[in-house]
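To be precise, the following lines are entry.txt, and they hold compact mmCIF, C-alpha atoms.
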```txt
# COMPACT_ATOMS: atom_id res chain seq x y z
CA MET I 1 -11.40 14.06 -12.34
CA THR I 2 -11.96 14.86 -8.70
CA LEU I 3 -9.77 17.40 -6.98
CA ALA I 4 -9.82 16.90 -3.24
CA GLY I 5 -7.88 18.10 -0.26
CA ILE I 6 -5.92 20.68 -2.25
CA ALA I 7 -4.00 23.24 -0.25
CA ILE I 8 -3.95 21.48 3.07
CA GLY I 9 -1.62 24.04 4.54
CA ALA I 10 -0.64 25.62 7.81
CA LEU I 11 -2.54 24.21 10.75
CA SER I 12 -0.73 25.99 13.54
CA GLY I 13 0.80 29.30 14.35
CA SER I 14 4.28 27.87 13.84
CA THR I 15 3.78 27.89 10.08
CA ALA I 16 1.32 30.72 9.63
CA PHE I 17 4.01 33.11 8.45
CA ALA I 18 6.19 30.74 6.43
CA ALA I 19 7.97 32.59 3.66
CA CYS I 20 7.03 30.03 1.02
CA THR I 21 4.74 27.14 0.23
CA THR I 22 5.73 23.79 -1.27
CA THR I 23 3.10 21.63 -2.91
CA ILE I 24 3.42 17.86 -2.68
CA GLY I 25 1.35 15.93 -5.19
CA SER I 26 -0.74 12.87 -4.52
CA VAL I 27 -2.61 10.54 -6.87
CA MET I 28 -4.93 8.10 -5.14
CA SER I 29 -8.11 6.16 -5.83
CA LEU I 30 -10.88 8.23 -4.32
CA THR I 31 -13.43 6.58 -6.61
CA GLY I 32 -13.46 3.45 -8.77
CA SER I 33 -12.89 -0.08 -7.54
CA LEU I 34 -10.37 1.00 -4.88
CA GLY I 35 -12.25 4.13 -3.83
CA VAL I 36 -13.71 2.60 -0.68
CA LEU I 37 -10.16 1.96 0.56
CA GLY I 38 -8.45 4.94 -1.05
CA GLN I 39 -10.50 7.61 0.69
CA LYS I 40 -9.19 6.41 4.05
CA ILE I 41 -5.62 5.96 2.80
CA ALA I 42 -5.64 9.56 1.57
CA GLN I 43 -6.43 10.66 5.11
CA GLY I 44 -3.13 9.15 6.21
CA ALA I 45 -1.31 11.48 3.80
CA GLN I 46 -3.38 14.44 4.98
CA LEU I 47 -2.44 13.69 8.59
CA GLY I 48 1.24 13.56 7.59
CA ILE I 49 1.00 17.03 6.04
CA ALA I 50 -0.75 18.35 9.17
CA ASP I 51 1.98 17.00 11.46
CA LEU I 52 4.78 18.35 9.29
CA ASN I 53 3.19 21.79 9.26
CA SER I 54 2.59 21.71 13.01
CA ALA I 55 6.31 20.98 13.33
CA GLY I 56 7.22 24.01 11.22
CA GLY I 57 6.85 22.76 7.64
CA ALA I 58 9.85 21.60 5.62
CA ASN I 59 12.90 23.55 4.54
CA GLY I 60 11.29 26.74 5.82
CA CYS I 61 8.14 26.28 3.75
CA THR I 62 4.55 25.46 4.57
CA LEU I 63 3.45 22.24 2.88
CA GLN I 64 0.22 21.65 1.03
CA LEU I 65 -1.12 18.49 -0.52
CA SER I 66 -2.65 18.50 -3.98
CA LEU I 67 -4.67 15.30 -4.00
CA LEU I 68 -6.09 14.06 -7.31
CA ASP I 69 -8.39 11.11 -7.97
CA ASP I 70 -7.17 8.44 -10.41
CA GLN I 71 -10.55 6.64 -10.36
CA THR I 72 -8.49 3.40 -10.13
CA SER I 73 -7.70 3.90 -13.84
CA PRO I 74 -4.14 4.03 -15.28
CA SER I 75 -5.07 6.56 -17.97
CA VAL I 76 -6.80 8.87 -15.50
CA GLY I 77 -3.87 8.48 -13.11
CA VAL I 78 -1.38 9.48 -15.79
CA ASP I 79 -3.43 12.57 -16.63
CA ALA I 80 -3.58 13.52 -12.95
CA ALA I 81 0.17 13.03 -12.50
CA LYS I 82 0.90 15.12 -15.60
CA LYS I 83 -1.17 17.96 -14.16
CA LEU I 84 0.76 17.77 -10.90
CA VAL I 85 4.16 17.68 -12.59
CA ASP I 86 3.63 19.94 -15.61
CA VAL I 87 1.25 22.53 -14.16
CA GLN I 88 1.83 22.49 -10.39
CA GLN I 89 5.50 21.46 -10.73
CA VAL I 90 5.49 19.22 -7.67
CA PRO I 91 8.83 17.59 -6.76
CA ALA I 92 7.17 14.45 -5.37
CA ILE I 93 3.99 12.41 -5.74
CA ILE I 94 2.49 10.24 -3.01
CA GLY I 95 0.80 7.32 -4.80
CA ALA I 96 -0.73 5.71 -6.56
CA LEU I 97 -2.48 2.82 -4.80
CA SER I 98 -3.15 0.33 -7.60
CA SER I 99 0.07 -1.15 -8.97
CA GLY I 100 -1.27 -0.76 -12.50
CA VAL I 101 -1.85 2.95 -11.97
CA SER I 102 1.51 3.46 -10.24
CA ALA I 103 3.37 1.66 -13.02
CA ALA I 104 1.71 3.82 -15.67
CA ILE I 105 2.57 7.00 -13.78
CA LEU I 106 6.15 5.85 -13.17
CA THR I 107 6.93 5.08 -16.79
CA ALA I 108 4.98 7.94 -18.38
CA VAL I 109 5.41 10.79 -15.92
CA THR I 110 7.66 10.59 -12.87
CA VAL I 111 10.75 8.94 -14.35
CA PRO I 112 10.77 11.09 -17.54
CA GLY I 113 9.93 14.15 -15.43
CA LYS I 114 12.55 13.28 -12.78
CA VAL I 115 10.05 13.49 -9.94
CA VAL I 116 10.05 11.35 -6.78
CA GLN I 117 7.20 8.84 -6.56
CA ILE I 118 6.49 7.01 -3.31
CA SER I 119 3.55 4.63 -3.08
CA PRO I 120 1.95 3.52 0.18
CA ALA I 121 0.11 0.59 -1.40
CA SER I 122 1.51 -0.62 -4.77
CA THR I 123 2.84 -4.09 -4.07
CA SER I 124 3.63 -5.62 -7.49
CA PRO I 125 7.08 -7.24 -7.89
CA THR I 126 7.22 -5.41 -11.25
CA PHE I 127 8.63 -2.33 -9.53
CA THR I 128 11.59 -4.28 -8.16
CA GLU I 129 12.27 -5.59 -11.66
CA LEU I 130 12.09 -2.08 -13.16
CA ALA I 131 14.52 -0.79 -10.54
CA GLU I 132 16.89 -3.72 -11.12
CA GLN I 133 16.84 -2.85 -14.83
CA GLY I 134 17.72 0.77 -14.09
CA LYS I 135 14.35 2.04 -15.33
CA THR I 136 13.27 4.00 -12.25
CA GLY I 137 16.20 6.39 -12.03
CA GLY I 138 16.10 5.96 -8.26
CA TYR I 139 12.93 8.07 -8.13
CA TRP I 140 10.72 5.15 -7.00
CA PHE I 141 10.06 4.20 -3.38
CA ARG I 142 7.28 2.39 -1.54
CA THR I 143 6.38 2.11 2.12
CA THR I 144 4.68 -1.25 1.66
CA PRO I 145 6.34 -4.61 1.06
CA SER I 146 6.38 -6.26 -2.35
CA ASP I 147 3.98 -9.07 -3.19
CA ALA I 148 7.07 -11.24 -3.32
CA LEU I 149 6.57 -11.14 0.46
CA GLN I 150 2.75 -11.22 0.51
CA GLY I 151 2.65 -14.23 -1.82
CA VAL I 152 4.87 -16.22 0.54
CA ALA I 153 2.87 -15.09 3.57
CA MET I 154 -0.43 -16.05 1.95
CA ALA I 155 0.96 -19.46 1.00
CA LYS I 156 1.82 -20.05 4.66
CA VAL I 157 -1.63 -18.85 5.78
CA ALA I 158 -3.30 -21.20 3.28
CA ARG I 159 -1.32 -24.23 4.42
CA ASP I 160 -1.82 -23.36 8.10
CA ALA I 161 -5.58 -23.31 7.37
CA GLY I 162 -5.31 -26.85 6.05
CA PHE I 163 -5.88 -26.06 2.37
CA LYS I 164 -4.10 -28.37 -0.08
CA LYS I 165 -5.81 -27.39 -3.34
CA VAL I 166 -6.53 -23.74 -4.13
CA ALA I 167 -8.03 -22.09 -7.21
CA ILE I 168 -6.83 -18.59 -8.08
CA LEU I 169 -8.86 -15.87 -9.76
CA TYR I 170 -6.70 -12.82 -10.36
CA LEU I 171 -7.17 -9.34 -11.79
CA ASN I 172 -5.43 -8.72 -15.10
CA ASN I 173 -2.99 -6.04 -13.99
CA ALA I 174 0.48 -5.85 -12.46
CA TYR I 175 -0.90 -6.48 -8.97
CA GLY I 176 -2.90 -9.57 -9.88
CA GLN I 177 -0.26 -11.05 -12.14
CA GLY I 178 2.56 -10.62 -9.62
CA LEU I 179 0.70 -11.85 -6.57
CA SER I 180 -0.80 -14.89 -8.30
CA LYS I 181 2.66 -15.95 -9.47
CA GLU I 182 4.30 -15.45 -6.08
CA PHE I 183 1.53 -17.31 -4.24
CA ALA I 184 1.54 -20.23 -6.68
CA ASN I 185 5.30 -20.65 -6.31
CA GLY I 186 5.20 -20.35 -2.53
CA PHE I 187 2.20 -22.66 -2.15
CA ALA I 188 3.87 -25.36 -4.27
CA ARG I 189 7.01 -25.18 -2.14
CA LEU I 190 4.87 -25.81 0.95
CA GLY I 191 3.25 -28.87 -0.61
CA GLY I 192 0.06 -27.29 -1.93
CA SER I 193 -1.23 -27.24 -5.50
CA VAL I 194 -3.04 -24.61 -7.57
CA THR I 195 -5.92 -26.32 -9.35
CA GLU I 196 -6.60 -23.44 -11.76
CA ASN I 197 -5.05 -19.99 -12.22
CA VAL I 198 -7.67 -17.88 -14.00
CA VAL I 199 -7.25 -14.27 -15.09
CA TYR I 200 -10.17 -11.82 -15.28
CA ASN I 201 -10.58 -8.32 -16.65
CA PRO I 202 -12.11 -5.47 -14.64
CA SER I 203 -15.60 -4.01 -14.97
CA GLN I 204 -17.33 -7.00 -16.55
CA PRO I 205 -21.06 -7.39 -15.90
CA SER I 206 -20.52 -11.07 -15.07
CA TYR I 207 -17.68 -13.47 -14.34
CA ARG I 208 -19.58 -16.75 -14.63
CA SER I 209 -17.22 -18.11 -17.28
CA GLU I 210 -14.13 -17.43 -15.18
CA VAL I 211 -15.79 -18.84 -12.06
CA SER I 212 -16.82 -22.00 -13.90
CA LYS I 213 -13.26 -22.54 -15.09
CA ALA I 214 -11.85 -22.03 -11.59
CA LEU I 215 -14.27 -24.59 -10.15
CA SER I 216 -12.98 -27.52 -12.18
CA PRO I 217 -11.25 -29.47 -10.78
CA ALA I 218 -12.81 -28.81 -7.40
CA PRO I 219 -10.55 -26.81 -5.03
CA ASP I 220 -10.54 -26.57 -1.24
CA ALA I 221 -10.70 -22.78 -1.35
CA LEU I 222 -10.60 -19.74 -3.63
CA PHE I 223 -7.79 -17.19 -3.63
CA LEU I 224 -9.38 -14.10 -5.16
CA ILE I 225 -6.97 -11.28 -6.08
CA GLY I 226 -8.69 -8.02 -6.85
CA TYR I 227 -10.52 -5.02 -5.46
CA PRO I 228 -13.98 -4.35 -4.02
CA GLY I 229 -16.60 -3.98 -6.75
CA ASP I 230 -15.51 -6.65 -9.19
CA GLY I 231 -14.47 -8.73 -6.19
CA THR I 232 -18.02 -8.58 -4.85
CA THR I 233 -19.48 -9.75 -8.16
CA ILE I 234 -17.00 -12.63 -8.45
CA THR I 235 -17.49 -13.81 -4.88
CA ARG I 236 -21.28 -13.79 -5.20
CA GLU I 237 -21.11 -15.73 -8.47
CA TRP I 238 -18.66 -18.20 -6.91
CA ILE I 239 -21.11 -18.83 -4.06
CA ALA I 240 -24.09 -19.07 -6.45
CA ALA I 241 -22.19 -21.65 -8.53
CA GLY I 242 -21.68 -23.87 -5.48
CA GLY I 243 -18.02 -23.05 -4.88
CA PRO I 244 -16.65 -23.77 -1.41
CA GLN I 245 -17.25 -20.88 0.96
CA LYS I 246 -13.62 -20.90 2.01
CA PHE I 247 -11.71 -17.84 0.89
CA LEU I 248 -8.22 -16.41 0.74
CA PHE I 249 -8.29 -12.62 0.28
CA PRO I 250 -5.31 -10.27 -0.10
CA ASP I 251 -4.84 -6.64 0.93
CA GLY I 252 -6.98 -5.33 -1.94
CA LEU I 253 -10.07 -6.94 -0.39
CA GLU I 254 -9.44 -6.10 3.25
CA SER I 255 -12.59 -4.02 3.41
CA GLN I 256 -15.62 -4.09 5.68
CA ASP I 257 -17.75 -2.74 2.82
CA PHE I 258 -16.67 -5.67 0.63
CA VAL I 259 -17.60 -8.20 3.32
CA ASN I 260 -20.95 -6.50 3.89
CA ASP I 261 -21.73 -6.35 0.17
CA VAL I 262 -21.01 -10.06 -0.35
CA GLY I 263 -22.98 -10.95 2.77
CA VAL I 264 -21.44 -11.67 6.16
CA GLN I 265 -23.31 -14.99 6.29
CA TYR I 266 -21.02 -16.28 3.52
CA MET I 267 -17.82 -14.97 5.10
CA LYS I 268 -17.46 -17.59 7.85
CA ASN I 269 -14.15 -18.99 6.59
CA VAL I 270 -11.95 -16.11 5.44
CA HIS I 271 -8.16 -15.96 5.63
CA GLY I 272 -6.57 -12.71 4.56
CA THR I 273 -3.20 -10.99 4.37
CA ALA I 274 -2.21 -7.35 4.13
CA ALA I 275 0.79 -5.17 4.85
CA GLY I 276 1.42 -5.23 8.58
CA SER I 277 2.82 -2.62 10.91
CA SER I 278 5.63 -3.39 13.30
CA LYS I 279 4.80 -2.36 16.83
CA THR I 280 6.68 0.92 17.11
CA PRO I 281 6.01 3.99 19.28
CA SER I 282 4.97 5.73 16.05
CA LEU I 283 2.04 3.38 15.49
CA GLY I 284 0.33 4.31 18.76
CA THR I 285 0.85 8.02 18.11
CA PHE I 286 -0.52 7.69 14.60
CA GLN I 287 -3.58 5.77 15.76
CA THR I 288 -4.38 8.34 18.45
CA GLU I 289 -3.93 11.28 16.08
CA TYR I 290 -5.94 9.67 13.29
CA GLN I 291 -8.87 8.92 15.58
CA ALA I 292 -8.81 12.46 16.96
CA LYS I 293 -8.86 13.98 13.46
CA PHE I 294 -11.01 11.54 11.47
CA GLY I 295 -12.87 9.36 13.96
CA SER I 296 -12.51 5.59 14.19
CA LEU I 297 -9.57 3.93 12.45
CA PRO I 298 -10.87 1.26 10.04
CA THR I 299 -9.37 -2.22 9.83
CA GLN I 300 -7.69 -1.94 6.45
CA ALA I 301 -4.14 -1.64 5.19
CA TYR I 302 -2.05 1.31 4.03
CA ILE I 303 -3.34 4.25 6.04
CA PRO I 304 -0.18 4.42 8.21
CA ASN I 305 1.91 3.70 5.10
CA ALA I 306 0.49 6.83 3.47
CA TYR I 307 1.31 8.85 6.58
CA ASP I 308 4.90 7.58 6.54
CA ALA I 309 5.35 8.22 2.82
CA THR I 310 4.29 11.84 3.28
CA VAL I 311 6.42 12.41 6.38
CA LEU I 312 9.47 10.94 4.65
CA VAL I 313 9.16 13.38 1.77
CA GLY I 314 8.98 16.27 4.24
CA LEU I 315 11.96 15.01 6.26
CA ALA I 316 13.95 14.47 3.07
CA MET I 317 13.33 18.11 2.11
CA GLU I 318 14.48 19.17 5.56
CA GLN I 319 17.60 17.00 5.42
CA ALA I 320 18.53 18.19 1.92
CA ARG I 321 17.61 21.82 2.69
CA SER I 322 15.99 21.74 -0.70
CA ASN I 323 12.55 21.18 -2.21
CA LYS I 324 13.97 19.86 -5.48
CA ALA I 325 13.15 16.33 -6.63
CA ASP I 326 16.73 15.10 -6.99
CA ALA I 327 17.61 16.34 -3.51
CA ILE I 328 14.55 14.61 -2.06
CA ARG I 329 15.45 11.37 -3.85
CA ASP I 330 19.00 11.46 -2.53
CA SER I 331 17.89 12.17 1.06
CA MET I 332 15.15 9.54 1.44
CA ARG I 333 17.53 6.93 2.84
CA LYS I 334 19.46 9.48 4.92
CA VAL I 335 16.45 10.20 7.13
CA THR I 336 16.02 6.51 7.95
CA ASP I 337 19.70 5.92 8.81
CA PRO I 338 19.95 3.15 11.47
CA LYS I 339 22.90 5.03 12.98
CA GLY I 340 20.84 8.18 13.48
CA GLU I 341 18.87 9.42 16.46
CA LYS I 342 15.45 7.80 16.51
CA ILE I 343 12.53 9.97 15.44
CA TYR I 344 8.91 8.86 15.72
CA ALA I 345 5.55 10.00 14.36
CA GLY I 346 3.83 13.13 15.61
CA ALA I 347 4.52 16.85 15.41
CA ALA I 348 6.72 16.96 18.52
CA ASP I 349 9.19 14.42 17.18
CA LEU I 350 9.14 15.90 13.69
CA LYS I 351 10.04 19.27 15.18
CA LYS I 352 12.89 17.57 17.03
CA ALA I 353 14.00 16.03 13.74
CA ALA I 354 14.15 19.44 12.09
CA GLN I 355 16.30 20.77 14.92
CA LEU I 356 18.70 17.83 14.68
CA LEU I 357 18.97 18.10 10.92
CA SER I 358 19.64 21.84 11.14
CA GLN I 359 22.62 20.94 13.34
CA GLY I 360 23.90 18.48 10.76
CA ARG I 361 22.91 15.51 12.89
CA THR I 362 21.75 12.13 11.55
CA ILE I 363 18.24 10.78 12.17
CA GLN I 364 16.36 7.52 11.80
CA TYR I 365 12.65 8.02 11.23
CA ILE I 366 10.82 4.95 12.49
CA GLY I 367 7.37 5.06 10.97
CA ALA I 368 3.87 4.07 11.95
CA SER I 369 4.23 1.16 9.52
CA GLY I 370 7.72 0.13 10.67
CA PRO I 371 11.43 0.99 10.40
CA LEU I 372 11.31 1.67 6.62
CA GLN I 373 14.78 0.68 5.52
CA PHE I 374 14.80 1.20 1.75
CA ASP I 375 17.03 -1.10 -0.28
CA LYS I 376 18.65 -0.07 -3.57
CA ASN I 377 15.36 -0.69 -5.40
CA GLY I 378 13.25 1.45 -3.08
CA ASP I 379 11.76 -1.65 -1.43
CA ILE I 380 11.31 -2.40 2.27
CA ASP I 381 10.93 -5.51 4.38
CA ALA I 382 7.87 -5.61 6.60
CA PRO I 383 5.63 -8.14 8.35
CA MET I 384 2.34 -9.22 6.81
CA ALA I 385 -0.81 -8.93 8.87
CA VAL I 386 -3.28 -11.84 8.92
CA TRP I 387 -6.97 -10.95 9.00
CA SER I 388 -10.29 -12.73 9.05
CA VAL I 389 -14.00 -12.05 9.56
CA SER I 390 -15.38 -12.47 13.06
CA ASP I 391 -18.55 -14.32 14.02
CA GLN I 392 -20.20 -10.89 14.12
CA GLY I 393 -19.15 -10.25 10.51
CA LYS I 394 -16.41 -7.74 11.29
CA VAL I 395 -13.02 -7.59 9.58
CA GLN I 396 -10.44 -8.20 12.30
CA LEU I 397 -6.69 -8.71 12.59
CA THR I 398 -5.83 -12.14 13.92
CA GLY I 399 -2.07 -12.48 13.63
CA MET I 400 1.15 -11.64 11.87
CA VAL I 401 3.66 -13.36 9.61
CA THR I 402 6.94 -11.84 10.77
CA VAL I 403 9.76 -10.52 8.62
CA GLU I 404 11.91 -13.39 9.91
CA GLN I 405 9.32 -16.03 8.97
CA ILE I 406 8.94 -14.59 5.48
CA ALA I 407 12.73 -14.44 5.01
CA GLU I 408 13.05 -18.09 6.09
CA LEU I 409 10.34 -19.21 3.67
CA ARG I 410 11.89 -17.24 0.82
CA SER I 411 15.35 -18.65 1.54
CA GLN I 412 13.97 -22.17 1.16
CA ALA I 413 13.12 -21.35 -2.43
CA LYS I 414 16.70 -20.48 -3.34
```

Could you render the structure from this file as structure tokens?
Amino acid sequence: MTLAGIAIGALSGSTAFAACTTTIGSVMSLTGSLGVLGQKIAQGAQLGIADLNSAGGANGCTLQLSLLDDQTSPSVGVDAAKKLVDVQQVPAIIGALSSGVSAAILTAVTVPGKVVQISPASTSPTFTELAEQGKTGGYWFRTTPSDALQGVAMAKVARDAGFKKVAILYLNNAYGQGLSKEFANGFARLGGSVTENVVYNPSQPSYRSEVSKALSPAPDALFLIGYPGDGTTITREWIAAGGPQKFLFPDGLESQDFVNDVGVQYMKNVHGTAAGSSKTPSLGTFQTEYQAKFGSLPTQAYIPNAYDATVLVGLAMEQARSNKADAIRDSMRKVTDPKGEKIYAGAADLKKAAQLLSQGRTIQYIGASGPLQFDKNGDIDAPMAVWSVSDQGKVQLTGMVTVEQIAELRSQAK
């Protein structure tokens, strides 16, 4: 198990003499099939900690981030979360990224331990169902939209691209299962048909059998739901088997490394979706700060979502005047109150937020990823970004499916 980024503490004189330190936990994929994406997403959380500390910490305490690697494995993720909760006694965990890992942590660690869990990247509709069934205890939140939204958005993208028949290959976990179902339903409503819906298990040496099944009957395009690594193997075998080089890729494959590993010459007709960011003042601030601290900002999802998740935990501590998990849980929605004074990303605004909260005032944090209005299940509405691969082989954003468009498409299904 990798331990990285532990004790990211005071970064300015304003917090150098804080009377206490509060550790926030984080479980993310720094290695494994999501590692290529997770390392950058983790930097979003690190930047959130830095800004909070530059603004004076939270509830009078310096914050530090204990970041553990789940290796994109549910069992490793559970072990990491147990260490954070049982040994380090964190009140909140940022993560995980994979829905399968987050679900395992939620049911085995955070709900029984009564610890807040907020994921920047777990999109499975399963979490909405668990919340509806009263199985999250209100401790679950996410700063990314459910695949109930991404499935509809991808269906629209597929039809707009002219595809009528699509084969699906999906990873056998909560993410793959949920997204394949939502896409199939949405695509059918728009007049398309799924020719085959084939499940695959991770870490196989070959996927020729699954590819062969997905190729008959012949589809217009392949919707591959998975992560880099296995996704590379499947895409190469699809191409080698003569499958159409027309691809639909979700957020889990929005990776320049993935495109490069498959071969940019085969990525001429790619249509992708991922969690989008509403154009808020916070987004520009986040982008500038990220580039100053870490260099260029890659074209991939969930880095601003991780920043927002971390900032929200800090603001909730400030609002509650407590670092206890129950207090954080109960304050998460209070710091995004639409009736409150608007607060944006960056240390200056977070310091302003602390001053307002100390006066008993109400605030609305508007994040780098959007307004972040949590419903009763801990879900948010958000736009979905549309991405493709340029003629030069670079992953690029090309458009957006708006919240209003997604809502209209979903309403047609009811």

Residues within 12 Å of Gly360 of chain I, please, as a ChimeraX atom specification. Count all atoms listed in the file; anything in the same chain fewer than 5 positions from it doesn't count.
/I:318-321,334-335,340-341,353-355

Just write the chosen residues, C-alpha atoms, as a PDB file, in the frame of the given file.
```pdb
ATOM      1  CA  GLU I 318      14.480  19.170   5.560  1.00  0.00           C
ATOM      2  CA  GLN I 319      17.600  17.000   5.420  1.00  0.00           C
ATOM      3  CA  ALA I 320      18.530  18.190   1.920  1.00  0.00           C
ATOM      4  CA  ARG I 321      17.610  21.820   2.690  1.00  0.00           C
ATOM      5  CA  LYS I 334      19.460   9.480   4.920  1.00  0.00           C
ATOM      6  CA  VAL I 335      16.450  10.200   7.130  1.00  0.00           C
ATOM      7  CA  GLY I 340      20.840   8.180  13.480  1.00  0.00           C
ATOM      8  CA  GLU I 341      18.870   9.420  16.460  1.00  0.00           C
ATOM      9  CA  ALA I 353      14.000  16.030  13.740  1.00  0.00           C
ATOM     10  CA  ALA I 354      14.150  19.440  12.090  1.00  0.00           C
ATOM     11  CA  GLN I 355      16.300  20.770  14.920  1.00  0.00           C
TER      12      GLN I 355
END
```

Could you state the separation of atom CA of Pro338 of chain I and atom CA of Ala55 of chain I in Å, given to one decimal place?
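Atom CA of Pro338 of chain I sits 22.5 Å away from atom CA of Ala55 of chain I.
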
Counting all atoms listed in the file, what are the residues of segment 372-409 of chain I within 10 Å of segment 235-251 of chain I, and for each of them which pair of atoms is the nearest and at what distance in Å, to one decimal? Sort the table by chain and rising number, as a tab-separated table.
```
residue	atom	partner	partner_atom	distance
I:Met384	CA	I:Asp251	CA	9.6
I:Ala385	CA	I:Asp251	CA	9.2
I:Val386	CA	I:Pro250	CA	9.4
I:Trp387	CA	I:Phe249	CA	9.0
I:Ser388	CA	I:Phe249	CA	9.0
```

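Rounded to one decimal, atom CA of Ala382 of chain I and atom CA of Pro304 of chain I lie 13.0 Å from each other.
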
Please determine an axis-aligned box that encloses all atoms of segment 310-326 of chain I listed in the file, with 3 Å added on each side, and express its centre and edge lengths in Å to one decimal as JSON.
```
{"center_x": 11.4, "center_y": 16.4, "center_z": -0.3, "size_x": 20.2, "size_y": 16.9, "size_z": 19.4}
```

Close residues, Gly229 of chain I itself excluded, 9 Å, all atoms listed in the file, min 4 positions apart in chain, as number ranges by chain
I: 32-34, 203, 233-234, 258, 261
